[in-house]
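Engineer: Pasting run_19.cif below, which is mmCIF, C-alpha atoms and all ligand atoms.
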data_query
#
loop_
_atom_site.label_atom_id
_atom_site.label_comp_id
_atom_site.auth_asym_id
_atom_site.auth_seq_id
_atom_site.Cartn_x
_atom_site.Cartn_y
_atom_site.Cartn_z
CA MET A 1261 -3.36 -44.28 160.99
CA TRP A 1262 0.15 -43.05 160.11
CA THR A 1263 1.27 -43.80 156.58
CA LEU A 1264 4.73 -43.92 155.05
CA ILE A 1265 4.59 -42.52 151.52
CA LEU A 1266 7.37 -43.54 149.14
CA ASN A 1267 8.20 -42.24 145.68
CA CYS A 1268 10.94 -44.53 144.37
CA GLY A 1269 12.84 -43.31 141.31
CA SER A 1270 15.78 -45.01 139.62
CA SER A 1271 18.33 -43.22 141.81
CA SER A 1272 16.26 -41.52 144.50
CA VAL A 1273 13.51 -42.07 147.05
CA LYS A 1274 11.29 -39.24 148.25
CA PHE A 1275 9.44 -40.07 151.44
CA ALA A 1276 6.99 -38.68 153.98
CA VAL A 1277 5.29 -39.88 157.15
CA LEU A 1278 1.85 -38.39 157.53
CA ASP A 1279 -1.59 -38.88 158.97
CA PRO A 1280 -4.11 -38.82 156.11
CA ALA A 1281 -6.98 -37.89 158.42
CA SER A 1282 -5.42 -34.70 159.79
CA GLY A 1283 -2.77 -34.09 157.11
CA GLN A 1284 -0.17 -33.81 159.89
CA VAL A 1285 3.36 -34.51 158.63
CA ARG A 1286 5.97 -35.94 161.02
CA LEU A 1287 8.87 -36.56 158.67
CA THR A 1288 9.83 -35.86 155.07
CA GLY A 1289 13.03 -36.50 153.19
CA LEU A 1290 14.97 -37.58 150.17
CA ALA A 1291 17.55 -40.30 149.55
CA GLU A 1292 19.65 -39.50 146.48
CA LYS A 1293 22.31 -41.01 144.20
CA LEU A 1294 21.13 -44.52 144.99
CA GLY A 1295 21.96 -47.40 142.73
CA ALA A 1296 24.75 -49.31 141.14
CA GLY A 1297 28.22 -48.16 142.02
CA ALA A 1298 27.09 -45.94 144.90
CA GLU A 1299 29.44 -47.73 147.30
CA HIS A 1300 32.46 -47.05 145.06
CA ALA A 1301 31.78 -43.32 144.72
CA PRO A 1302 34.59 -40.95 145.84
CA PRO A 1303 34.03 -39.54 149.35
CA GLY A 1304 31.37 -36.84 149.46
CA THR A 1305 29.84 -37.79 146.10
CA GLY A 1306 27.96 -40.98 147.00
CA ALA A 1307 24.44 -41.72 148.14
CA THR A 1308 22.98 -39.55 150.89
CA ILE A 1309 19.76 -39.33 152.85
CA ARG A 1310 18.17 -36.13 154.13
CA PHE A 1311 15.51 -35.99 156.84
CA GLU A 1312 13.33 -33.00 157.62
CA VAL A 1313 11.47 -32.88 160.94
CA ASP A 1314 9.65 -29.72 162.08
CA GLY A 1315 11.59 -27.62 159.56
CA GLU A 1316 14.96 -28.96 160.75
CA ARG A 1317 17.17 -30.79 158.28
CA GLN A 1318 19.60 -33.62 158.91
CA HIS A 1319 21.80 -35.05 156.23
CA ARG A 1320 23.98 -38.17 156.26
CA PRO A 1321 25.80 -40.41 153.79
CA LEU A 1322 24.62 -43.91 152.92
CA THR A 1323 27.29 -46.56 152.48
CA SER A 1324 25.82 -49.07 150.02
CA GLY A 1325 23.25 -46.77 148.43
CA THR A 1326 20.57 -49.45 148.13
CA TYR A 1327 16.83 -49.03 148.66
CA ALA A 1328 17.22 -51.49 151.58
CA GLU A 1329 19.75 -49.24 153.30
CA ALA A 1330 17.61 -46.15 152.68
CA PHE A 1331 14.48 -47.83 154.09
CA ASP A 1332 16.43 -49.09 157.07
CA ALA A 1333 17.58 -45.51 157.76
CA ILE A 1334 13.98 -44.24 157.38
CA GLY A 1335 12.72 -46.92 159.80
CA GLN A 1336 15.38 -45.98 162.33
CA ARG A 1337 14.64 -42.26 162.02
CA ILE A 1338 10.92 -42.90 162.55
CA ARG A 1339 11.67 -44.87 165.72
CA THR A 1340 13.79 -42.02 167.12
CA LEU A 1341 11.13 -39.34 166.59
CA PRO A 1342 9.65 -38.00 169.83
CA ASP A 1343 6.49 -39.99 170.54
CA PRO A 1344 7.25 -42.17 167.48
CA PRO A 1345 4.32 -42.66 165.10
CA SER A 1346 3.27 -46.25 164.56
CA ILE A 1347 3.10 -46.80 160.79
CA GLY A 1348 -0.05 -48.65 159.66
CA ALA A 1349 0.55 -48.81 155.90
CA VAL A 1350 2.94 -47.86 153.10
CA GLY A 1351 1.69 -45.96 150.03
CA HIS A 1352 3.77 -45.96 146.84
CA ARG A 1353 3.61 -43.41 144.07
CA THR A 1354 3.71 -45.55 140.94
CA VAL A 1355 3.98 -44.18 137.44
CA HIS A 1356 2.46 -46.35 134.72
CA GLY A 1357 -0.45 -48.70 135.26
CA GLY A 1358 -1.25 -49.06 131.55
CA THR A 1359 -4.80 -50.31 131.12
CA ARG A 1360 -4.40 -52.86 133.92
CA PHE A 1361 -5.09 -50.42 136.74
CA SER A 1362 -8.17 -48.22 136.88
CA GLY A 1363 -7.43 -47.10 140.43
CA SER A 1364 -5.14 -47.56 143.39
CA VAL A 1365 -4.60 -51.13 144.57
CA LEU A 1366 -3.39 -53.11 147.57
CA ILE A 1367 -0.13 -54.66 146.42
CA THR A 1368 -0.22 -58.42 145.90
CA PRO A 1369 2.02 -60.73 143.84
CA GLU A 1370 -0.54 -60.40 140.97
CA VAL A 1371 -0.30 -56.61 141.14
CA LEU A 1372 3.49 -56.77 140.88
CA ASP A 1373 3.17 -59.10 137.88
CA ALA A 1374 0.77 -56.66 136.19
CA MET A 1375 3.19 -53.80 136.91
CA ARG A 1376 5.97 -55.83 135.28
CA GLU A 1377 3.77 -56.22 132.19
CA CYS A 1378 3.61 -52.42 132.03
CA ILE A 1379 7.43 -52.01 132.00
CA PRO A 1380 7.60 -51.45 128.21
CA LEU A 1381 5.33 -48.41 128.71
CA ALA A 1382 7.63 -46.84 131.32
CA PRO A 1383 11.02 -48.52 131.02
CA LEU A 1384 12.73 -46.14 133.44
CA HIS A 1385 10.03 -45.64 136.04
CA ASN A 1386 8.24 -48.96 136.49
CA PRO A 1387 11.34 -51.08 137.25
CA ALA A 1388 12.35 -48.54 139.91
CA ASN A 1389 8.82 -48.54 141.37
CA ILE A 1390 8.77 -52.36 141.48
CA ALA A 1391 12.24 -52.60 143.05
CA GLY A 1392 11.18 -50.00 145.62
CA ILE A 1393 8.03 -51.96 146.50
CA GLU A 1394 9.96 -55.23 146.89
CA ALA A 1395 12.56 -53.55 149.11
CA ALA A 1396 9.81 -51.90 151.17
CA GLN A 1397 8.05 -55.25 151.62
CA ALA A 1398 11.31 -56.67 152.99
CA ALA A 1399 12.04 -53.63 155.17
CA PHE A 1400 8.52 -53.24 156.59
CA PRO A 1401 7.17 -56.81 156.71
CA GLY A 1402 3.56 -57.21 157.67
CA LEU A 1403 2.50 -53.68 156.66
CA PRO A 1404 -0.09 -53.41 153.91
CA GLN A 1405 1.33 -51.65 150.85
CA VAL A 1406 -0.69 -49.68 148.31
CA ALA A 1407 0.20 -48.56 144.76
CA VAL A 1408 -1.24 -45.24 143.58
CA PHE A 1409 -0.77 -44.85 139.82
CA ASP A 1410 -0.15 -41.58 138.02
CA THR A 1411 -2.16 -42.90 135.07
CA ALA A 1412 -5.17 -44.43 136.86
CA PHE A 1413 -7.29 -41.26 137.08
CA HIS A 1414 -7.30 -41.06 133.28
CA HIS A 1415 -8.74 -44.55 132.71
CA THR A 1416 -12.09 -42.84 132.05
CA LEU A 1417 -10.80 -41.10 128.89
CA PRO A 1418 -13.23 -41.85 126.07
CA ASP A 1419 -11.70 -43.56 123.03
CA VAL A 1420 -11.87 -40.41 120.91
CA ALA A 1421 -9.52 -38.74 123.40
CA ALA A 1422 -7.42 -41.81 124.17
CA ARG A 1423 -6.71 -43.24 120.73
CA TYR A 1424 -4.01 -42.11 118.31
CA ALA A 1425 -4.81 -42.31 114.62
CA VAL A 1426 -2.23 -45.05 114.07
CA PRO A 1427 -2.55 -48.63 112.78
CA ASP A 1428 -5.09 -50.53 114.82
CA THR A 1429 -2.62 -53.33 115.51
CA TRP A 1430 -0.33 -50.89 117.34
CA TYR A 1431 -3.17 -50.27 119.76
CA ARG A 1432 -4.35 -53.85 120.07
CA GLU A 1433 -0.96 -55.56 120.25
CA TYR A 1434 1.24 -52.97 121.93
CA GLY A 1435 -1.18 -50.75 123.87
CA VAL A 1436 -0.29 -47.62 121.89
CA ARG A 1437 -2.80 -45.07 123.19
CA ARG A 1438 -2.89 -42.00 125.39
CA TYR A 1439 -2.68 -42.78 129.12
CA GLY A 1440 -2.09 -39.38 130.74
CA PHE A 1441 -0.10 -38.65 133.91
CA HIS A 1442 -0.22 -36.43 137.02
CA GLY A 1443 -3.57 -38.13 137.73
CA THR A 1444 -3.18 -37.98 141.52
CA SER A 1445 -2.69 -34.23 141.38
CA HIS A 1446 -5.48 -33.50 138.87
CA ALA A 1447 -7.93 -35.60 140.91
CA TYR A 1448 -6.89 -34.00 144.21
CA VAL A 1449 -7.14 -30.36 143.07
CA ALA A 1450 -10.46 -30.97 141.31
CA ARG A 1451 -11.85 -32.40 144.56
CA ARG A 1452 -10.50 -29.46 146.54
CA ALA A 1453 -11.90 -26.91 144.05
CA ALA A 1454 -15.50 -28.08 144.43
CA PRO A 1455 -16.11 -26.67 147.94
CA MET A 1456 -14.39 -23.44 146.89
CA LEU A 1457 -17.03 -23.11 144.17
CA ASP A 1458 -19.72 -24.23 146.58
CA ARG A 1459 -20.89 -26.97 144.24
CA PRO A 1460 -20.68 -30.76 144.32
CA LEU A 1461 -17.81 -32.18 142.26
CA GLU A 1462 -20.30 -34.40 140.39
CA ASP A 1463 -21.90 -31.27 138.85
CA LEU A 1464 -18.68 -29.53 137.86
CA ASN A 1465 -16.77 -29.35 134.60
CA LEU A 1466 -13.25 -28.25 135.49
CA ILE A 1467 -10.00 -27.69 133.64
CA THR A 1468 -7.03 -28.39 135.88
CA ALA A 1469 -3.54 -27.16 134.94
CA HIS A 1470 -0.72 -28.89 136.83
CA LEU A 1471 2.31 -26.75 135.97
CA GLY A 1472 5.68 -27.77 137.37
CA ASN A 1473 8.86 -29.23 135.93
CA GLY A 1474 6.49 -31.58 134.16
CA SER A 1475 3.19 -30.01 133.14
CA SER A 1476 -0.19 -31.22 131.97
CA VAL A 1477 -3.79 -30.07 131.75
CA CYS A 1478 -6.85 -32.21 132.33
CA ALA A 1479 -10.56 -31.92 131.55
CA VAL A 1480 -12.42 -33.17 134.63
CA GLN A 1481 -16.13 -33.85 134.17
CA GLY A 1482 -18.02 -34.69 137.35
CA GLY A 1483 -14.77 -35.76 139.01
CA GLN A 1484 -13.67 -37.96 136.08
CA SER A 1485 -10.87 -37.32 133.61
CA VAL A 1486 -12.22 -37.02 130.06
CA ASP A 1487 -9.12 -35.64 128.32
CA THR A 1488 -5.58 -34.69 129.20
CA SER A 1489 -2.52 -33.33 127.44
CA MET A 1490 0.03 -36.09 128.18
CA GLY A 1491 -0.20 -39.29 126.19
CA LEU A 1492 1.54 -42.65 125.84
CA THR A 1493 4.46 -41.07 127.71
CA PRO A 1494 4.82 -37.86 129.73
CA LEU A 1495 6.45 -36.15 126.72
CA GLU A 1496 3.28 -35.11 124.91
CA GLY A 1497 1.44 -31.83 125.35
CA LEU A 1498 2.60 -28.64 126.99
CA VAL A 1499 5.98 -26.93 126.91
CA MET A 1500 7.71 -28.20 130.09
CA GLY A 1501 10.96 -27.56 131.96
CA THR A 1502 13.17 -29.65 129.68
CA ARG A 1503 10.54 -31.62 127.71
CA SER A 1504 9.35 -30.41 124.32
CA GLY A 1505 5.71 -31.39 124.57
CA ASP A 1506 4.07 -31.73 121.13
CA VAL A 1507 6.27 -31.92 118.06
CA ASP A 1508 5.65 -33.24 114.58
CA PRO A 1509 6.43 -36.99 114.72
CA GLY A 1510 8.19 -36.46 111.39
CA LEU A 1511 10.84 -34.48 113.27
CA HIS A 1512 12.63 -37.66 114.29
CA GLU A 1513 13.33 -38.67 110.72
CA PHE A 1514 14.12 -35.08 109.72
CA MET A 1515 16.80 -34.70 112.43
CA HIS A 1516 18.21 -38.09 111.52
CA ASN A 1517 18.45 -37.25 107.82
CA THR A 1518 19.68 -33.68 108.18
CA ALA A 1519 21.81 -33.73 111.35
CA GLY A 1520 22.65 -37.44 111.56
CA LEU A 1521 21.11 -37.83 115.01
CA THR A 1522 20.21 -41.30 116.22
CA LEU A 1523 16.75 -42.04 117.61
CA GLU A 1524 18.27 -42.08 121.08
CA GLN A 1525 19.88 -38.67 120.57
CA VAL A 1526 16.60 -37.17 119.36
CA MET A 1527 14.75 -38.62 122.37
CA THR A 1528 17.37 -37.32 124.80
CA ALA A 1529 17.11 -33.87 123.22
CA LEU A 1530 13.29 -33.89 123.41
CA ASN A 1531 13.29 -35.05 127.04
CA LYS A 1532 16.27 -33.24 128.51
CA HIS A 1533 17.26 -30.25 126.38
CA SER A 1534 13.97 -28.91 125.07
CA GLY A 1535 10.99 -27.12 126.63
CA LEU A 1536 11.78 -23.90 128.50
CA LYS A 1537 15.45 -24.83 128.51
CA GLY A 1538 15.59 -25.29 124.76
CA LEU A 1539 13.57 -22.19 123.94
CA SER A 1540 15.65 -20.02 126.27
CA GLY A 1541 18.83 -21.02 124.43
CA GLY A 1542 19.87 -23.35 127.25
CA LEU A 1543 19.57 -20.62 129.90
CA SER A 1544 17.33 -22.49 132.35
CA ASN A 1545 14.47 -24.95 132.81
CA ASP A 1546 13.43 -23.14 136.00
CA MET A 1547 10.47 -20.79 135.69
CA ARG A 1548 11.57 -18.53 138.53
CA GLU A 1549 14.99 -17.98 136.95
CA LEU A 1550 13.46 -17.39 133.54
CA GLU A 1551 11.01 -14.82 134.89
CA GLU A 1552 13.87 -12.94 136.55
CA ALA A 1553 15.94 -13.06 133.35
CA ALA A 1554 12.99 -11.96 131.20
CA HIS A 1555 12.19 -9.05 133.50
CA SER A 1556 15.75 -7.85 133.17
CA GLY A 1557 15.53 -7.90 129.38
CA HIS A 1558 16.72 -11.39 128.33
CA ALA A 1559 14.92 -11.82 125.00
CA ALA A 1560 15.21 -15.63 124.75
CA ALA A 1561 13.93 -16.05 128.31
CA GLN A 1562 10.95 -13.83 127.45
CA PHE A 1563 10.31 -15.87 124.34
CA ALA A 1564 10.36 -19.12 126.34
CA LEU A 1565 7.70 -17.69 128.66
CA ASP A 1566 5.59 -16.48 125.71
CA ALA A 1567 5.69 -19.91 124.07
CA PHE A 1568 4.91 -21.66 127.36
CA VAL A 1569 1.83 -19.46 127.86
CA TYR A 1570 0.66 -19.78 124.25
CA ARG A 1571 0.78 -23.60 124.27
CA LEU A 1572 -0.88 -23.74 127.67
CA ALA A 1573 -3.75 -21.43 126.68
CA LYS A 1574 -4.25 -23.38 123.45
CA TYR A 1575 -4.51 -26.63 125.40
CA VAL A 1576 -6.91 -25.11 127.96
CA ALA A 1577 -9.12 -24.08 125.06
CA GLY A 1578 -8.91 -27.65 123.71
CA MET A 1579 -10.04 -29.04 127.06
CA ALA A 1580 -13.10 -26.76 126.84
CA VAL A 1581 -14.10 -28.71 123.73
CA ALA A 1582 -13.82 -31.96 125.71
CA LEU A 1583 -16.10 -30.55 128.42
CA GLY A 1584 -18.67 -28.58 126.41
CA ARG A 1585 -19.34 -26.31 129.37
CA VAL A 1586 -16.58 -25.00 131.65
CA ASP A 1587 -17.24 -24.19 135.31
CA GLY A 1588 -13.72 -23.36 136.38
CA LEU A 1589 -10.02 -23.30 135.63
CA VAL A 1590 -7.65 -24.51 138.36
CA PHE A 1591 -3.93 -23.69 138.50
CA THR A 1592 -1.63 -25.92 140.56
CA GLY A 1593 1.98 -27.22 140.73
CA GLY A 1594 5.12 -25.16 141.44
CA ILE A 1595 4.43 -22.75 138.57
CA GLY A 1596 0.63 -22.74 138.79
CA GLU A 1597 0.68 -22.04 142.53
CA ASN A 1598 3.50 -19.50 142.55
CA SER A 1599 3.74 -17.63 139.28
CA ALA A 1600 1.21 -14.80 139.19
CA TYR A 1601 2.83 -13.74 135.90
CA ILE A 1602 2.19 -17.02 134.08
CA ARG A 1603 -1.38 -17.16 135.43
CA GLN A 1604 -2.05 -13.60 134.28
CA ARG A 1605 -0.59 -14.05 130.82
CA THR A 1606 -2.48 -17.34 130.32
CA VAL A 1607 -5.87 -16.04 131.47
CA GLU A 1608 -5.42 -12.92 129.29
CA ARG A 1609 -5.42 -15.24 126.28
CA LEU A 1610 -8.61 -17.00 127.42
CA GLY A 1611 -11.14 -14.16 127.37
CA VAL A 1612 -12.76 -15.97 124.45
CA LEU A 1613 -13.86 -18.69 126.93
CA GLY A 1614 -15.21 -16.20 129.48
CA PHE A 1615 -12.17 -16.15 131.77
CA HIS A 1616 -11.22 -12.73 133.18
CA LEU A 1617 -8.64 -12.15 135.87
CA ASP A 1618 -8.88 -10.05 139.01
CA ALA A 1619 -5.34 -8.72 138.59
CA GLU A 1620 -5.03 -7.65 142.20
CA ALA A 1621 -6.31 -10.93 143.67
CA ASN A 1622 -3.93 -12.79 141.37
CA ALA A 1623 -0.88 -10.69 142.27
CA ASN A 1624 -1.62 -10.66 145.99
CA LEU A 1625 -2.48 -14.32 146.54
CA PRO A 1626 -0.01 -15.39 149.24
CA ARG A 1627 2.33 -18.24 148.24
CA GLY A 1628 1.15 -21.66 149.30
CA THR A 1629 -2.50 -20.66 149.67
CA ARG A 1630 -5.53 -21.40 147.56
CA GLY A 1631 -7.95 -18.79 146.35
CA LEU A 1632 -10.17 -17.33 143.65
CA ILE A 1633 -8.32 -15.01 141.25
CA SER A 1634 -11.02 -14.23 138.65
CA ALA A 1635 -13.01 -11.01 138.26
CA PRO A 1636 -16.73 -10.90 139.13
CA GLY A 1637 -18.77 -12.28 136.22
CA SER A 1638 -15.86 -14.40 134.94
CA VAL A 1639 -15.88 -18.17 134.76
CA PRO A 1640 -14.05 -18.87 138.04
CA VAL A 1641 -10.27 -19.16 137.98
CA LEU A 1642 -8.74 -20.78 141.07
CA VAL A 1643 -5.36 -21.53 142.53
CA VAL A 1644 -5.36 -24.78 144.51
CA THR A 1645 -2.21 -26.10 146.20
CA THR A 1646 -1.63 -29.69 145.27
CA ASN A 1647 -0.46 -32.25 147.82
CA GLU A 1648 0.39 -35.51 146.13
CA GLU A 1649 1.74 -37.10 149.33
CA LEU A 1650 -1.53 -36.42 151.13
CA ALA A 1651 -3.55 -37.66 148.15
CA ILE A 1652 -1.53 -40.91 148.14
CA ALA A 1653 -1.94 -41.22 151.93
CA LEU A 1654 -5.72 -40.79 151.58
CA GLU A 1655 -5.83 -43.46 148.89
CA THR A 1656 -3.71 -45.74 151.09
CA LEU A 1657 -6.07 -45.26 154.02
CA ARG A 1658 -9.09 -45.90 151.80
CA LEU A 1659 -7.63 -49.13 150.45
CA VAL A 1660 -6.47 -50.42 153.81
CA THR A 1661 -9.52 -49.58 155.90
CA GLY A 1662 -12.31 -49.09 153.35
CA ASP A 1663 -15.00 -51.39 152.06
CA PRO A 1664 -13.36 -54.06 149.84
CA GLU A 1665 -16.28 -53.57 147.43
CA ASP A 1666 -14.96 -50.07 146.67
CA ARG A 1667 -11.60 -51.41 145.57
CA PRO A 1668 -11.07 -51.37 141.83
CA ALA A 1669 -10.17 -54.77 140.46
CA LEU A 1670 -7.29 -55.39 138.12
CA THR A 1671 -8.56 -55.05 134.58
CA GLU A 1672 -7.92 -57.58 131.86
CA GLU A 1673 -4.93 -57.64 129.58
CA HIS A 1674 -4.20 -54.45 127.65
CA PRO A 1675 -5.26 -52.61 125.70
CA ALA A 1676 -9.04 -52.34 125.90
P1 LIG B 1 7.28 -28.50 140.70
O1 LIG B 1 7.83 -29.44 139.67
O2 LIG B 1 5.82 -28.58 140.90
O3 LIG B 1 8.07 -28.52 142.00
O4 LIG B 1 7.53 -27.01 140.11
C1 LIG B 1 8.82 -26.51 139.82
C2 LIG B 1 8.68 -25.24 139.01
O5 LIG B 1 7.97 -24.26 139.79
C3 LIG B 1 10.04 -24.62 138.65
O6 LIG B 1 10.04 -24.22 137.28
C4 LIG B 1 10.10 -23.41 139.56
O7 LIG B 1 10.86 -22.35 139.01
C5 LIG B 1 8.63 -23.01 139.61
N1 LIG B 1 8.39 -22.08 140.69
C6 LIG B 1 8.48 -22.29 142.03
N2 LIG B 1 8.29 -21.12 142.70
C7 LIG B 1 8.08 -20.16 141.78
C8 LIG B 1 7.84 -18.76 141.83
N3 LIG B 1 7.76 -18.11 142.98
N4 LIG B 1 7.66 -18.09 140.66
C9 LIG B 1 7.74 -18.73 139.50
N5 LIG B 1 7.98 -20.05 139.37
C10 LIG B 1 8.15 -20.76 140.50
#
Please go through the file and, once you have read it, give me the structure as structure tokens.
Ligand code: AMP

Structural biologist:
Amino acid sequence: MWTLILNCGSSSVKFAVLDPASGQVRLTGLAEKLGAGAEHAPPGTGATIRFEVDGERQHRPLTSGTYAEAFDAIGQRIRTLPDPPSIGAVGHRTVHGGTRFSGSVLITPEVLDAMRECIPLAPLHNPANIAGIEAAQAAFPGLPQVAVFDTAFHHTLPDVAARYAVPDTWYREYGVRRYGFHGTSHAYVARRAAPMLDRPLEDLNLITAHLGNGSSVCAVQGGQSVDTSMGLTPLEGLVMGTRSGDVDPGLHEFMHNTAGLTLEQVMTALNKHSGLKGLSGGLSNDMRELEEAAHSGHAAAQFALDAFVYRLAKYVAGMAVALGRVDGLVFTGGIGENSAYIRQRTVERLGVLGFHLDAEANANLPRGTRGLISAPGSVPVLVVTTNEELAIALETLRLVTGDPEDRPALTEEHPA
């Protein structure tokens, strides 16, 4: 069954057509600069859509810049592929399922209502996801549609990991708790790591590190998330591309009192101008660029890398506490899969947990491949390439064709 996978953001849609059974990809692409005012943009600056088929790219402008126009263009492009694939279902990457969703779901009017209830938890992402689903329902009528939530994998977090030490009413009335993100990726790489370690997932305690523009670590016990570094929002935890990760919550008031910043200005700074970008003095949020700068002697770039590694190693060690026993550490995401330097520096800090690197295996692991990079006798350290589109397609297939008994039901009102 061919699936169309959609990741609808507020101004963009990332898409792919793939067969979950074989992993074969027929089409990928990105529609950008969608949204209000797109049709009034000066020539050459408005909404566009890019298709990639067999490594060949095509690019064309969109006139109205709506989801409907983008989906229409995707539908047309699918129909003009050689031996056009017949799409059996649409899978949506959806961000915040709050406590209502403990797994992926077939989209129904009730599901959309529950997603609307979760808007306060993700005011930017959930409205875009919902609008994208409604437009896809109109553009592809009759196809089953599935929502795969970034938060759902973490619904198994025990309360000690999920709760903040804040007034109880905040939790009960507003759902203030840790939800975690990147769940699709953490779940996928944990599943893929098990055969590499020649052990069933159910017996394994793994720490997965998804390191990209956004980064998080997860403690995966027997295939279930038991702790993770992101919280109520994807701002908590590790040093990221432009996000600060952990700060003292008192910082907001401090910056207001001392620098006169508004709450909105502080939040913008923590989301957009912090992390690697902030630490490198505004040089870059891109790990590759920072590594190049650091290797040619840029002190602030080097410091950004040092701080990234330190926070990451500290969090990995914290996840070991959640697990009790650690059977493996898995690196994934753009940085985790590609930066031998970050992997080396991180594992060097984790000897205390029994992790030791095979420096040669680490340096020589070809890009885009998975493999073992630890020395003999070490707790295994693995690189596993993530594939969120495939993971969403597999979930879509499972929901559409699987036993209805295996489908998680909507849970009751938040929070617990
Ligand atoms: P993602 O968000 O998963 O696409 O990851 C993006 C991050 O991966 C960016 O910071 C990139 O600089 C980083 N990245 C990609 N390739 C490399 C590489 N060869 N070396 C270091 N970092 C890389």

Engineer: Counting all atoms listed in the file, which residue out of A:Ala1301, A:Glu1620, A:Gly1588, A:Val1526 sits closest to A:Arg1459?

Structural biologist: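 Between A:Ala1301, A:Glu1620, A:Gly1588, A:Val1526, the residue approaching A:Arg1459 most closely is A:Gly1588.
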
Engineer: Which of these, A:Thr1411, A:Asp1332, A:Val1350, A:Ala1519, has the shortest distance to A:Ile1265 once you count only C-alpha atoms?

Structural biologist: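 The answer is A:Val1350, which sits nearest to A:Ile1265.
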
Engineer: Enter the distance from atom CA of A:Met1527 to atom CA of A:Phe1413, in Å, rounded to one decimal.

Structural biologist: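 Value for the atom CA of A:Met1527-atom CA of A:Phe1413 distance: 26.6 Å.
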
Engineer: Find the residues around stretch 1549-1563 of chain A up to 9 Å (all atoms listed in the file counted), leave out those fewer than 3 positions away in its own chain, and share them as an NGL selection string.

Structural biologist: :A and (1536-1537 or 1539-1541 or 1543-1546 or 1566-1568 or 1599 or 1601)

Engineer: Produce as number ranges by chain the set of residues near ligand LIG 1 (chain B), where near means within 12 Å with all atoms listed in the file considered.

Structural biologist: A: 1442, 1445, 1469-1476, 1499-1502, 1535-1537, 1544-1554, 1565, 1568, 1591-1603, 1623, 1625-1628, 1645-1648

Engineer: Ranking A:Arg1605, A:Gly1614, A:Thr1305, A:Met1490 by minimum distance to A:Ala1577 and counting only C-alpha atoms, which one comes first?

Structural biologist: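 Comparing A:Arg1605, A:Gly1614, A:Thr1305, A:Met1490 against A:Ala1577, the winner is A:Gly1614.
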
Engineer: Any idea what's packed within 7 Å of A:Asp1410, counting all atoms listed in the file, ignoring anything in its chain fewer than 3 positions away? Could you give it as JSON, numbers by chain?

Structural biologist: {"A": [1354, 1355, 1356, 1441, 1442, 1443, 1444]}

Engineer: Rounded to one decimal place, report the atom CA of A:Pro1387-atom CA of A:Asp1373 distance in Å.

Structural biologist: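 Value for the atom CA of A:Pro1387-atom CA of A:Asp1373 distance: 11.5 Å.
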
Engineer: Which is closer to A:Arg1452 than all the others in A:Ile1309, A:Val1639, A:Val1590, A:Val1365, using all atoms listed in the file?

Structural biologist: A:Val1590

Engineer: For a test of reading the model, state the distance in Å between atom CA of A:Ala1382 and atom CA of A:Met1515, rounded to one decimal.

Structural biologist: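 Spanning atom CA of A:Ala1382 to atom CA of A:Met1515 is a straight-line distance of 24.3 Å.
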
Engineer: Considering only C-alpha atoms, state which residue in the set A:Thr1429, A:Thr1323, A:Asn1465, A:Ser1638 is at the smallest distance from A:Asp1487.

Structural biologist: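 Using only C-alpha atoms, the shortest distance to A:Asp1487 belongs to A:Asn1465.
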
Engineer: Could you check which of A:Ser1504, A:Gln1336, A:Gln1405, A:Ser1364 is closest to A:Gly1392, using all atoms listed in the file?

Structural biologist: A:Gln1405

Engineer: Got a sec to check which residues sit within 12 Å of (-20.3, -27.7, 138.2), counting only C-alpha atoms, and write them as JSON, numbers by chain?

Structural biologist: {"A": [1450, 1451, 1453, 1454, 1455, 1456, 1457, 1458, 1459, 1460, 1461, 1462, 1463, 1464, 1465, 1466, 1467, 1480, 1481, 1482, 1483, 1583, 1584, 1585, 1586, 1587, 1588, 1589, 1639, 1640]}

Engineer: List the spatial neighbours of A:Tyr1439 as a PyMOL selection string - criterion: any atom at most 7 Å away, only C-alpha atoms, same-chain residues fewer than 6 positions off excluded.

Structural biologist: chain A and resi 1358+1411+1414+1422+1491-1492
